[in-house]
Amino acid sequence: MGAALQWNAAGPLERVLSRLDRPRRSGRGHLCRCPAHEDRSASLSIAEGEDGRVLLHCFAGCSTEDVLAAMGLQVADLFPPSQRRAHTPEERRAAWRAAREAAWSAALGVLGREAVVIEIAANELAAGSVLGAEDLARLRLACDRVQEARAVLT
């Protein structure tokens, strides 16, 4: 009974974070490995909007629905219970700004991590080494994530 009571008392962010493997703080949100795909580095950004809803973004391209299904959650689990009040235009603008800033913070974190991967590959190539299939695949993933982060920032 205690666990069920705790589940009901937990907010949407706590419910989502409790289903993820070692989420860590990053800027105004969290980062962790995406449960919807084989992930070697943190590609899932999790943030909380000012209205209490959870904002998810997988930089590897997984849909929100796929991420939620992998966690055993539904879209409704991302939202707090209805407070039965209309949001003012200013509240909507503030929520949009908070979501945008959280996405920017997560994108900058991804750029920093993936730049290290690209730098390592560049150093190996400059030294005359040949990248193996696994290294090439990781380099392609880094480039894809950089492009995705770039799209978030523009």
# chains A, B, ... in the order shown; residues from 1 in each chain; ligands from 1
>>> residues_around(residues="stretch 71-80 of chain A", least_positions_apart="6", cutoff="6 Å", atoms="only C-alpha atoms", output="number ranges by chain")
A: 12, 19, 52-54
>>> select_by_dssp(residues="stretch 43-94 of chain A", states="strand (DSSP E)", output="ChimeraX atom specification")
/A:44-48,54-58
>>> closest_residue(among="A:Val152, A:Leu141, A:Leu13, A:Ala36", to="A:Glu101", atoms="only C-alpha atoms")
A:Val152
>>> residues_around(residues="A:Arg25", least_positions_apart="5", cutoff="10 Å", atoms="only C-alpha atoms", output="ChimeraX atom specification")
/A:30-32,45-47
>>> residues_around(residues="A:Leu136", least_positions_apart="6", cutoff="12 Å", atoms="only C-alpha atoms", output="PyMOL selection string")
chain A and resi 117-118+120-122+124-125+130+142-143
>>> select_by_dssp(residues="chain A", states="alpha helix (DSSP H)", output="VMD selection string")
chain A and resid 2 to 9 12 to 18 64 to 71 89 to 126 133 to 153
>>> atom_distance(atom1="atom CA of A:Thr154", atom2="atom CA of A:Arg28")
19.0 Å
>>> closest_residue(among="A:Ala98, A:Leu17, A:Leu111, A:Cys34", to="A:Ala60", atoms="only C-alpha atoms")
A:Cys34
>>> closest_residue(among="A:Ala151, A:Arg140, A:Ala103, A:Ala95", to="A:Leu44", atoms="only C-alpha atoms")
A:Ala103
>>> closest_residue(among="A:Arg113, A:His57, A:His87, A:Arg24", to="A:Ala99", atoms="only C-alpha atoms")
A:His57
>>> atom_distance(atom1="atom CA of A:Pro35", atom2="atom CA of A:Thr64")
11.0 Å
